[in-house]
$ cat query-v8.cif   # mmCIF, C-alpha atoms
data_coords
loop_
_atom_site.label_atom_id
_atom_site.label_comp_id
_atom_site.auth_asym_id
_atom_site.auth_seq_id
_atom_site.Cartn_x
_atom_site.Cartn_y
_atom_site.Cartn_z
CA MET A 6 -104.10 10.39 -76.31
CA ILE A 7 -101.93 7.92 -74.41
CA THR A 8 -98.53 9.29 -73.46
CA SER A 9 -95.71 6.79 -73.78
CA GLY A 10 -94.20 7.33 -70.33
CA VAL A 11 -90.75 7.61 -71.98
CA ARG A 12 -88.82 10.64 -73.29
CA PRO A 13 -86.97 10.28 -76.58
CA LEU A 14 -83.81 12.28 -77.13
CA ARG A 15 -84.18 15.50 -79.11
CA HIS A 16 -81.36 14.44 -81.41
CA SER A 17 -80.24 11.16 -82.92
CA ALA A 18 -78.39 8.96 -80.44
CA ALA A 19 -76.37 7.67 -83.39
CA ASP A 20 -75.03 11.18 -84.01
CA ARG A 21 -74.01 12.19 -80.50
CA PRO A 22 -74.37 10.95 -76.96
CA PHE A 23 -76.58 12.57 -74.38
CA ILE A 24 -73.87 12.06 -71.74
CA VAL A 25 -70.13 11.34 -71.62
CA ILE A 26 -68.69 9.89 -68.42
CA TRP A 27 -64.93 10.24 -67.93
CA GLU A 28 -63.20 8.17 -65.26
CA ALA A 29 -60.53 10.72 -64.36
CA THR A 30 -58.73 8.33 -62.01
CA GLN A 31 -59.18 5.02 -60.26
CA ALA A 32 -57.48 6.31 -57.12
CA CYS A 33 -59.79 6.29 -54.08
CA PRO A 34 -59.23 5.55 -50.39
CA LEU A 35 -62.62 3.83 -49.98
CA GLN A 36 -63.24 0.08 -50.22
CA CYS A 37 -66.79 0.09 -51.56
CA HIS A 38 -68.19 -3.42 -51.88
CA HIS A 39 -69.80 -2.76 -55.25
CA CYS A 40 -67.00 -0.73 -56.91
CA ARG A 41 -67.05 -1.11 -60.68
CA ALA A 42 -63.49 0.21 -60.93
CA SER A 43 -62.00 -1.92 -58.13
CA ALA A 44 -60.45 1.39 -57.06
CA ARG A 45 -56.90 1.53 -55.74
CA PRO A 46 -55.10 3.78 -53.21
CA ARG A 47 -52.77 5.47 -55.74
CA ARG A 48 -53.15 7.01 -59.17
CA ASP A 49 -52.21 5.03 -62.26
CA PRO A 50 -49.20 6.61 -64.05
CA ALA A 51 -50.95 5.78 -67.34
CA GLU A 52 -53.93 8.07 -66.63
CA LEU A 53 -54.73 10.76 -69.17
CA ASP A 54 -52.61 13.75 -68.18
CA THR A 55 -53.91 17.32 -68.07
CA GLY A 56 -53.24 18.01 -71.74
CA GLU A 57 -54.81 14.73 -72.84
CA ALA A 58 -57.84 15.37 -70.65
CA VAL A 59 -58.31 18.79 -72.22
CA ALA A 60 -58.00 17.17 -75.66
CA LEU A 61 -60.75 14.72 -74.65
CA MET A 62 -63.05 17.59 -73.69
CA GLU A 63 -62.29 19.30 -76.98
CA GLN A 64 -63.40 16.10 -78.73
CA VAL A 65 -66.62 16.09 -76.71
CA ALA A 66 -67.29 19.69 -77.71
CA ARG A 67 -66.88 18.69 -81.38
CA PHE A 68 -70.03 16.58 -81.19
CA GLY A 69 -71.82 19.91 -81.68
CA ARG A 70 -74.80 21.51 -80.02
CA PRO A 71 -76.38 20.60 -77.77
CA ALA A 72 -73.10 19.36 -76.34
CA PRO A 73 -73.27 16.12 -74.34
CA LEU A 74 -73.31 16.39 -70.58
CA PHE A 75 -69.76 15.77 -69.32
CA VAL A 76 -69.34 14.01 -65.97
CA ILE A 77 -65.96 13.61 -64.27
CA THR A 78 -66.00 10.52 -62.08
CA GLY A 79 -63.55 8.03 -60.57
CA GLY A 80 -62.34 6.59 -58.24
CA ASP A 81 -62.30 9.90 -56.47
CA PRO A 82 -61.78 12.82 -58.88
CA PHE A 83 -60.39 14.93 -56.02
CA GLN A 84 -57.31 12.70 -56.09
CA ARG A 85 -56.32 14.66 -59.22
CA PRO A 86 -54.71 18.01 -58.33
CA ASP A 87 -55.75 19.44 -61.72
CA LEU A 88 -59.49 18.82 -61.18
CA THR A 89 -60.57 22.46 -60.95
CA THR A 90 -58.35 23.34 -63.93
CA LEU A 91 -60.14 20.68 -65.97
CA VAL A 92 -63.59 21.80 -64.84
CA ARG A 93 -62.74 25.38 -65.82
CA ARG A 94 -61.41 24.38 -69.23
CA GLY A 95 -64.43 22.17 -69.94
CA THR A 96 -66.74 25.03 -69.03
CA GLU A 97 -64.82 27.36 -71.34
CA LEU A 98 -65.36 24.84 -74.14
CA GLY A 99 -69.11 25.10 -73.61
CA LEU A 100 -69.61 21.80 -71.77
CA ALA A 101 -72.01 21.34 -68.86
CA VAL A 102 -69.50 19.82 -66.44
CA SER A 103 -70.49 17.80 -63.37
CA VAL A 104 -68.30 15.95 -60.89
CA SER A 105 -68.94 12.72 -58.99
CA PRO A 106 -66.68 12.79 -55.91
CA SER A 107 -66.31 10.13 -53.23
CA GLY A 108 -67.21 10.65 -49.57
CA THR A 109 -63.64 11.14 -48.36
CA PRO A 110 -61.87 13.86 -46.35
CA THR A 111 -61.08 15.60 -49.68
CA LEU A 112 -64.81 16.41 -49.98
CA THR A 113 -64.69 19.74 -48.15
CA ARG A 114 -66.77 22.88 -48.50
CA ASP A 115 -63.75 24.72 -49.91
CA ALA A 116 -63.22 21.99 -52.50
CA LEU A 117 -66.88 22.18 -53.54
CA ALA A 118 -66.67 25.97 -53.75
CA GLY A 119 -63.66 25.55 -56.02
CA LEU A 120 -65.68 23.34 -58.36
CA ARG A 121 -68.51 25.86 -58.42
CA ASP A 122 -66.16 28.76 -59.09
CA ALA A 123 -64.56 26.78 -61.93
CA GLY A 124 -67.98 26.37 -63.55
CA ALA A 125 -69.26 22.98 -62.39
CA ARG A 126 -73.04 22.74 -62.67
CA ALA A 127 -73.68 19.82 -60.33
CA ILE A 128 -72.19 17.02 -58.26
CA SER A 129 -73.41 13.51 -57.57
CA LEU A 130 -73.00 11.84 -54.18
CA SER A 131 -73.45 8.20 -53.30
CA LEU A 132 -75.75 7.17 -50.45
CA ASP A 133 -76.55 3.49 -50.03
CA ALA A 134 -78.40 3.62 -46.70
CA ASP A 135 -80.36 6.12 -44.63
CA GLY A 136 -78.00 5.87 -41.67
CA PRO A 137 -74.25 5.74 -40.94
CA ALA A 138 -73.82 2.14 -39.83
CA ALA A 139 -75.22 0.52 -42.98
CA HIS A 140 -73.75 3.05 -45.39
CA ASP A 141 -70.27 3.04 -43.87
CA GLY A 142 -70.32 -0.76 -43.80
CA PHE A 143 -71.14 -0.85 -47.51
CA ARG A 144 -68.44 1.71 -48.31
CA GLY A 145 -65.78 -0.01 -46.21
CA VAL A 146 -64.69 3.06 -44.21
CA GLU A 147 -66.16 4.59 -41.05
CA GLY A 148 -67.39 8.19 -41.25
CA VAL A 149 -68.29 8.23 -44.95
CA TYR A 150 -71.99 8.79 -44.31
CA ALA A 151 -71.34 11.90 -42.21
CA LEU A 152 -68.94 13.32 -44.82
CA THR A 153 -71.46 12.68 -47.60
CA VAL A 154 -74.41 14.28 -45.82
CA ARG A 155 -72.33 17.30 -44.86
CA ALA A 156 -71.18 17.68 -48.47
CA TRP A 157 -74.81 17.44 -49.59
CA ASP A 158 -75.70 20.39 -47.36
CA ASP A 159 -72.62 22.36 -48.39
CA ALA A 160 -73.21 21.81 -52.10
CA LEU A 161 -76.80 23.01 -51.95
CA ASP A 162 -75.76 26.00 -49.84
CA LEU A 163 -73.12 26.87 -52.46
CA GLY A 164 -75.68 26.73 -55.25
CA LEU A 165 -74.60 23.42 -56.80
CA LYS A 166 -77.21 20.96 -57.96
CA VAL A 167 -76.97 17.56 -56.27
CA GLN A 168 -77.76 14.11 -57.61
CA ILE A 169 -77.90 11.23 -55.13
CA ASN A 170 -76.79 7.78 -56.34
CA THR A 171 -77.85 4.56 -54.60
CA THR A 172 -76.84 0.99 -55.45
CA VAL A 173 -79.54 -1.67 -55.03
CA THR A 174 -78.54 -5.11 -53.81
CA ARG A 175 -80.30 -7.63 -51.58
CA ARG A 176 -78.35 -6.06 -48.73
CA THR A 177 -79.47 -2.47 -49.41
CA VAL A 178 -82.96 -2.84 -50.85
CA ASP A 179 -84.92 -2.38 -47.62
CA GLY A 180 -83.24 0.97 -47.06
CA LEU A 181 -84.64 2.50 -50.25
CA PRO A 182 -87.69 4.15 -48.65
CA GLY A 183 -85.52 5.84 -46.03
CA ILE A 184 -83.15 7.18 -48.69
CA ALA A 185 -86.13 8.42 -50.70
CA ALA A 186 -87.31 10.31 -47.63
CA LEU A 187 -83.87 11.95 -47.30
CA VAL A 188 -84.00 13.01 -50.95
CA ARG A 189 -87.46 14.50 -50.43
CA ASP A 190 -86.59 16.26 -47.18
CA ARG A 191 -83.08 17.51 -47.96
CA GLY A 192 -83.64 18.26 -51.64
CA ALA A 193 -81.91 16.93 -54.74
CA LEU A 194 -82.03 17.42 -58.47
CA LEU A 195 -82.37 13.67 -59.01
CA TRP A 196 -82.18 10.32 -57.25
CA SER A 197 -80.43 7.77 -59.48
CA VAL A 198 -80.99 4.18 -58.38
CA PHE A 199 -78.28 1.84 -59.69
CA PHE A 200 -79.14 -1.83 -60.11
CA LEU A 201 -76.08 -3.97 -59.45
CA VAL A 202 -74.11 -5.27 -62.42
CA PRO A 203 -71.74 -8.08 -61.39
CA THR A 204 -68.47 -6.49 -62.44
CA GLY A 205 -65.45 -5.30 -60.45
CA ARG A 206 -65.94 -5.85 -56.72
CA GLY A 207 -69.67 -6.11 -57.37
CA ARG A 208 -69.20 -9.73 -58.44
CA ALA A 209 -69.14 -10.70 -54.78
CA LEU A 210 -72.50 -9.08 -53.97
CA ALA A 211 -75.97 -10.59 -54.18
CA ALA A 212 -78.16 -8.85 -56.75
CA LEU A 213 -81.94 -8.90 -56.72
CA ASP A 214 -83.56 -11.60 -58.80
CA ALA A 215 -85.88 -10.69 -61.68
CA ALA A 216 -89.03 -10.74 -59.53
CA GLY A 217 -87.46 -8.53 -56.88
CA THR A 218 -86.17 -6.13 -59.50
CA GLU A 219 -89.68 -5.84 -60.96
CA ASP A 220 -91.09 -5.06 -57.52
CA VAL A 221 -88.51 -2.34 -56.91
CA LEU A 222 -89.08 -0.75 -60.32
CA HIS A 223 -92.79 -0.41 -59.56
CA VAL A 224 -91.97 1.09 -56.15
CA LEU A 225 -89.79 3.66 -57.89
CA TYR A 226 -92.62 4.42 -60.29
CA ASP A 227 -94.91 5.02 -57.30
CA LEU A 228 -92.37 7.52 -55.98
CA GLY A 229 -92.23 9.47 -59.21
CA GLU A 230 -94.74 12.13 -58.21
CA THR A 231 -93.00 12.97 -54.92
CA VAL A 232 -89.29 12.30 -55.62
CA PRO A 233 -87.35 12.91 -58.86
CA VAL A 234 -86.11 9.38 -59.57
CA LYS A 235 -84.36 7.56 -62.41
CA THR A 236 -82.74 4.15 -62.79
CA THR A 237 -79.30 3.11 -63.97
CA GLU A 238 -78.75 -0.33 -65.54
CA ALA A 239 -82.47 -1.11 -65.22
CA HIS A 240 -83.67 -0.09 -68.65
CA HIS A 241 -86.86 -2.10 -68.21
CA PHE A 242 -88.00 0.74 -65.97
CA ARG A 243 -88.99 2.32 -69.28
CA ARG A 244 -91.22 -0.68 -69.97
CA VAL A 245 -92.71 -0.30 -66.48
CA CYS A 246 -93.47 3.38 -67.13
CA VAL A 247 -95.29 2.56 -70.38
CA GLN A 248 -97.31 -0.18 -68.67
CA ARG A 249 -98.22 1.98 -65.70
CA ALA A 250 -99.28 4.91 -67.91
CA ILE A 251 -101.71 2.61 -69.73
CA LEU A 252 -103.01 1.03 -66.52
CA ALA A 253 -103.52 4.47 -64.93
CA ARG A 254 -105.63 5.60 -67.85
CA ARG A 255 -107.73 2.47 -67.61
CA GLY A 256 -108.04 2.76 -63.82
CA VAL A 257 -106.54 -0.70 -63.30
CA PRO A 258 -104.46 -1.27 -60.11
CA ALA A 259 -100.93 -2.26 -61.04
CA GLY A 260 -100.64 -4.95 -58.39
CA GLU A 261 -103.75 -6.66 -59.70
CA ALA A 262 -102.80 -6.46 -63.38
CA LEU A 263 -99.09 -7.25 -63.07
CA GLY A 264 -98.95 -9.65 -60.12
CA LEU A 265 -96.47 -7.67 -58.04
CA GLY A 266 -94.85 -9.58 -55.21
CA PRO A 267 -94.09 -9.38 -51.47
CA LEU A 268 -91.09 -7.05 -51.82
CA TYR A 269 -93.28 -4.50 -53.61
CA ARG A 270 -95.90 -4.71 -50.86
CA ARG A 271 -93.30 -4.39 -48.09
CA LEU A 272 -91.53 -1.40 -49.63
CA ARG A 273 -94.81 0.26 -50.63
CA ALA A 274 -96.08 -0.02 -47.05
CA ARG A 275 -92.93 1.72 -45.85
CA LEU A 276 -93.38 4.48 -48.44
CA ASP A 277 -96.90 5.02 -47.12
CA GLU A 278 -95.61 5.20 -43.52
CA LEU A 279 -93.09 7.87 -44.52
CA GLY A 280 -95.69 9.90 -46.41
CA LEU A 281 -93.91 9.37 -49.71
CA THR A 282 -97.03 8.47 -51.66
CA SER A 283 -99.18 11.38 -50.51
CA GLY A 284 -98.90 15.12 -50.00
CA PRO A 285 -97.58 17.64 -52.54
CA GLN A 286 -97.01 16.14 -55.97
CA ARG A 287 -94.45 17.02 -58.61
CA ARG A 288 -94.59 16.46 -62.34
CA ARG A 289 -93.47 12.93 -63.07
CA ARG A 290 -90.07 12.69 -64.78
CA PRO A 291 -90.32 10.19 -67.67
CA PRO A 292 -87.09 8.26 -68.27
CA LEU A 293 -84.93 9.04 -71.28
CA ARG A 294 -84.19 6.45 -73.95
CA VAL A 295 -80.47 6.33 -73.18
CA SER A 296 -78.41 3.17 -72.76
CA ALA A 297 -74.92 1.76 -73.29
CA GLY A 298 -73.55 2.99 -76.62
CA ASN A 299 -76.92 4.50 -77.43
CA GLY A 300 -76.76 8.01 -76.01
CA PHE A 301 -74.18 7.01 -73.41
CA VAL A 302 -70.40 6.62 -73.62
CA PHE A 303 -67.70 6.00 -71.01
CA VAL A 304 -64.01 6.92 -71.26
CA SER A 305 -61.62 5.18 -68.88
CA HIS A 306 -58.76 6.78 -66.97
CA ARG A 307 -56.41 5.44 -69.66
CA GLY A 308 -58.51 6.80 -72.51
CA GLN A 309 -60.23 3.61 -73.62
CA VAL A 310 -63.78 4.08 -74.87
CA HIS A 311 -66.56 1.79 -73.64
CA PRO A 312 -70.33 1.82 -74.15
CA SER A 313 -70.71 1.93 -70.35
CA GLY A 314 -68.53 1.84 -67.27
CA PHE A 315 -70.19 -1.47 -66.45
CA LEU A 316 -69.49 -2.95 -69.90
CA PRO A 317 -65.72 -3.54 -70.13
CA LEU A 318 -65.52 -3.96 -73.91
CA PRO A 319 -63.21 -1.36 -75.53
CA ALA A 320 -64.20 0.21 -78.84
CA GLY A 321 -61.20 2.51 -79.28
CA ASP A 322 -58.78 4.85 -77.55
CA VAL A 323 -59.05 8.65 -77.47
CA ARG A 324 -55.26 8.89 -77.57
CA THR A 325 -55.27 7.49 -81.11
CA ARG A 326 -58.74 8.22 -82.51
CA SER A 327 -61.38 10.88 -81.98
CA LEU A 328 -64.16 10.08 -79.54
CA VAL A 329 -66.59 11.44 -82.13
CA ASP A 330 -65.51 8.86 -84.69
CA ILE A 331 -65.43 6.01 -82.18
CA TYR A 332 -68.93 6.78 -80.90
CA ARG A 333 -70.45 7.16 -84.37
CA GLU A 334 -68.61 4.43 -86.26
CA ALA A 335 -67.16 1.72 -84.01
CA PRO A 336 -68.84 -1.63 -84.79
CA LEU A 337 -69.56 -2.28 -81.10
CA PHE A 338 -71.47 1.00 -80.79
CA THR A 339 -73.42 0.66 -84.02
CA ALA A 340 -74.37 -2.90 -83.07
CA LEU A 341 -75.65 -1.79 -79.66
CA ARG A 342 -77.94 0.70 -81.40
CA ASP A 343 -79.58 -2.08 -83.44
CA ALA A 344 -82.48 -3.62 -81.52
CA ASP A 345 -82.75 -6.40 -84.11
CA ARG A 346 -79.53 -7.91 -82.73
CA LEU A 347 -81.09 -8.64 -79.34
CA GLN A 348 -81.37 -12.30 -78.43
CA GLY A 349 -83.67 -14.46 -76.30
CA ARG A 350 -86.66 -12.82 -74.65
CA CYS A 351 -85.22 -9.36 -75.33
CA GLY A 352 -85.21 -10.07 -79.06
CA ALA A 353 -88.82 -11.29 -78.97
CA CYS A 354 -90.12 -8.52 -76.69
CA GLU A 355 -92.55 -5.91 -77.95
CA PHE A 356 -90.78 -3.36 -75.69
CA ARG A 357 -87.33 -3.98 -77.18
CA THR A 358 -87.03 -0.57 -78.89
CA VAL A 359 -88.10 1.23 -75.71
CA CYS A 360 -86.13 -0.89 -73.26
CA GLY A 361 -83.43 -3.09 -74.79
CA GLY A 362 -82.33 -4.39 -71.39
CA SER A 363 -79.00 -3.81 -69.67
CA ARG A 364 -76.36 -4.83 -72.17
CA ALA A 365 -73.79 -4.63 -69.37
CA ARG A 366 -75.66 -7.12 -67.20
CA ALA A 367 -76.34 -9.41 -70.15
CA TYR A 368 -72.62 -9.46 -70.95
CA ALA A 369 -71.56 -9.94 -67.32
CA VAL A 370 -73.92 -12.88 -66.80
CA THR A 371 -74.11 -14.56 -70.22
CA GLY A 372 -70.97 -13.37 -72.00
CA ASP A 373 -73.15 -12.13 -74.89
CA VAL A 374 -73.58 -8.36 -75.18
CA HIS A 375 -76.80 -8.98 -77.15
CA GLY A 376 -78.13 -11.65 -74.77
CA GLU A 377 -81.37 -11.38 -72.84
CA GLU A 378 -81.58 -9.23 -69.70
CA PRO A 379 -81.13 -11.57 -66.70
CA ALA A 380 -82.86 -9.18 -64.26
CA CYS A 381 -86.12 -8.95 -66.25
CA GLY A 382 -88.85 -11.52 -65.81
CA TYR A 383 -91.32 -10.08 -68.33
CA ARG A 384 -92.77 -12.62 -70.77
CA PRO A 385 -93.07 -11.06 -74.24
CA GLY A 386 -96.65 -10.61 -75.30
CA SER A 387 -98.12 -10.99 -71.81
CA PHE A 388 -99.24 -7.37 -71.27
CA PRO A 389 -103.02 -7.51 -71.79
CA TYR A 390 -103.78 -4.13 -73.40
CA ALA A 391 -102.27 -4.63 -76.83
CA ASP A 392 -104.19 -1.86 -78.59
CA ASP A 393 -103.22 0.73 -76.00
CA LEU A 394 -99.66 -0.54 -76.05
CA ALA A 395 -99.32 -0.11 -79.81
CA GLY A 396 -100.35 3.54 -79.49
CA ALA A 397 -97.97 4.17 -76.61
CA LEU A 398 -94.99 2.58 -78.35
CA ALA A 399 -95.70 4.52 -81.53
CA ALA A 400 -95.43 7.75 -79.49
CA THR A 401 -91.86 7.00 -78.35
#

$ encode --input "query-v8.cif" --output "structure tokens"
Amino acid sequence: MITSGVRPLRHSAADRPFIVIWEATQACPLQCHHCRASARPRRDPAELDTGEAVALMEQVARFGRPAPLFVITGGDPFQRPDLTTLVRRGTELGLAVSVSPSGTPTLTRDALAGLRDAGARAISLSLDADGPAAHDGFRGVEGVYALTVRAWDDALDLGLKVQINTTVTRRTVDGLPGIAALVRDRGALLWSVFFLVPTGRGRALAALDAAGTEDVLHVLYDLGETVPVKTTEAHHFRRVCVQRAILARRGVPAGEALGLGPLYRRLRARLDELGLTSGPQRRRRPPLRVSAGNGFVFVSHRGQVHPSGFLPLPAGDVRTRSLVDIYREAPLFTALRDADRLQGRCGACEFRTVCGGSRARAYAVTGDVHGEEPACGYRPGSFPYADDLAGALAAT
């Protein structure tokens, strides 16, 4: 039997999200070139206060069991003095709370221990290069790389799980193999590779084109048996996983069947040099079918509800309406869960129910939230093994 290469959720994505991201603040001392939030030095007086934040977590808990994962992000969440109070209250409500801090002087061992003692399960740290010069340059402040790596060590030593986040642009793409080696050698729960969406400060950065994105997605697939990897805002990685599962069963080399390009060959050669495609293997982690408004919801520092942090279309406000009702009933969310609304190549694609493309990128580039995915070059109907594909898609 052909496995699909994709994991469906165990519950309906229309009923409750898999994950809720809350932007606790936009305050952050860094000047990251890609920042979605265009973070600022000081906190916004209109942020959800402690009581409102607790009310938000109570709403999340009302989705029922299994409760969505609850991630506190920013800006820099440590700019809020009530952070540990909120983590403790969320834990008491039965939520699996994680925190996504910035690499600033607030990221100390004592601060991480406070999160752990309050009940946090994990943290995520951003690393956009495998050395200080490139990473600090991307983050806009000297010393961030050293703070981040130290916090990585401290978190693991304290018993926290660690996710590493990396943003892919033309500037950072060649550093991916080195970061993968760090993830392998230092240890992490997951490596999440973010593909740039041109929003916030990220509008000024150069994203990969569709061919380059395809090459990188196949490199990440190659890494899947040595490094726990996922993608963010590259939903066509799910299509890649289905294709590669079929090709592997048939014994067909991916490069030959799919026409992968020079970036794939260059990055793959570097993976081989670093021993990332050989040695001890782990069980491959198939990607989940989660996307903007479809298993995923973002709440801003002011309480506005969006399908994604990269998709700045509000669907409601938790100060005036329950997050449960907004997620289940808001027209924007229900529309995003309907693959028949997709336009262009996405609407014609046989992978549309598995992939669906980045709705955030489509909106940022075309102005149409249902438009085709600009970073995907796949031509619908061009995958040669139609019979195998039908079986794989039926299994999702």

$ resolve_selection --input "query-v8.cif" --expression "the PyMOL selection byres ((chain A and resi 66) around 12)" --output "ChimeraX atom specification"
/A:21-22,24-25,59-65,67-75,94-102,327-329

$ residues_around --input "query-v8.cif" --residues "A:Thr111" --least-positions-apart "2" --cutoff "12 Å" --atoms "all atoms listed in the file" --output "ChimeraX atom specification"
/A:33-35,81-86,106-109,113-117,149,152-153,156

$ resolve_selection --input "query-v8.cif" --expression "the PyMOL selection byres ((chain A and resi 133-138) around 12)" --output "NGL selection string"
:A and (37-39 or 108 or 130-132 or 139-154 or 169-188 or 196-200)

$ residues_around --input "query-v8.cif" --residues "A:Lys235" --least-positions-apart "4" --cutoff "10 Å" --atoms "all atoms listed in the file" --output "list in words"
Asn170, Leu195, Trp196, Ser197, Val198, Phe199, Leu222, Leu225, Tyr226, Gly229, Ala239, His240, Phe242, Arg243, Arg290, Pro291, Pro292 and Leu293 of chain A

$ residues_around --input "query-v8.cif" --residues "A:Gly164" --least-positions-apart "2" --cutoff "9 Å" --atoms "all atoms listed in the file" --output "ChimeraX atom specification"
/A:121,126-127,159-162,166

$ resolve_selection --input "query-v8.cif" --expression "the PyMOL selection byres ((chain A and resi 386) around 10)" --output "count of residues only"
12

$ axis_aligned_box --input "query-v8.cif" --around "stretch 300-306 of chain A" --padding-each-side "8 Å" --output "JSON"
{"center_x": -67.8, "center_y": 6.6, "center_z": -71.5, "size_x": 34.0, "size_y": 18.8, "size_z": 25.0}

$ atom_distance --input "query-v8.cif" --atom1 "atom CA of A:Gly321" --atom2 "atom CA of A:Gln309"
5.8 Å

$ atom_distance --input "query-v8.cif" --atom1 "atom CA of A:Leu398" --atom2 "atom CA of A:Phe301"
21.8 Å

$ atom_distance --input "query-v8.cif" --atom1 "atom CA of A:Ala19" --atom2 "atom CA of A:Val245"
24.8 Å

$ residues_around --input "query-v8.cif" --residues "A:Ala253" --least-positions-apart "4" --cutoff "12 Å" --atoms "all atoms listed in the file" --output "list in words"
Ile7, Thr8, Gly10, Tyr226, Asp227, Val245, Cys246, Val247, Gln248, Arg249, Val257, Pro258, Ala259, Gly260, Ala262 and Asp393 of chain A

$ residues_around --input "query-v8.cif" --residues "A:Ala123" --least-positions-apart "6" --cutoff "6 Å" --atoms "all atoms listed in the file" --output "number ranges by chain"
A: 89, 92-93

$ closest_residue --input "query-v8.cif" --among "A:Arg346, A:Arg326, A:Arg255, A:Arg333" --to "A:Gly300" --atoms "all atoms listed in the file"
A:Arg333

$ closest_residue --input "query-v8.cif" --among "A:Gly361, A:Leu194, A:Arg244, A:Pro317" --to "A:Arg342" --atoms "all atoms listed in the file"
A:Gly361

$ closest_residue --input "query-v8.cif" --among "A:Thr231, A:Ser17, A:Thr30, A:Thr78" --to "A:Arg307" --atoms "all atoms listed in the file"
A:Thr30
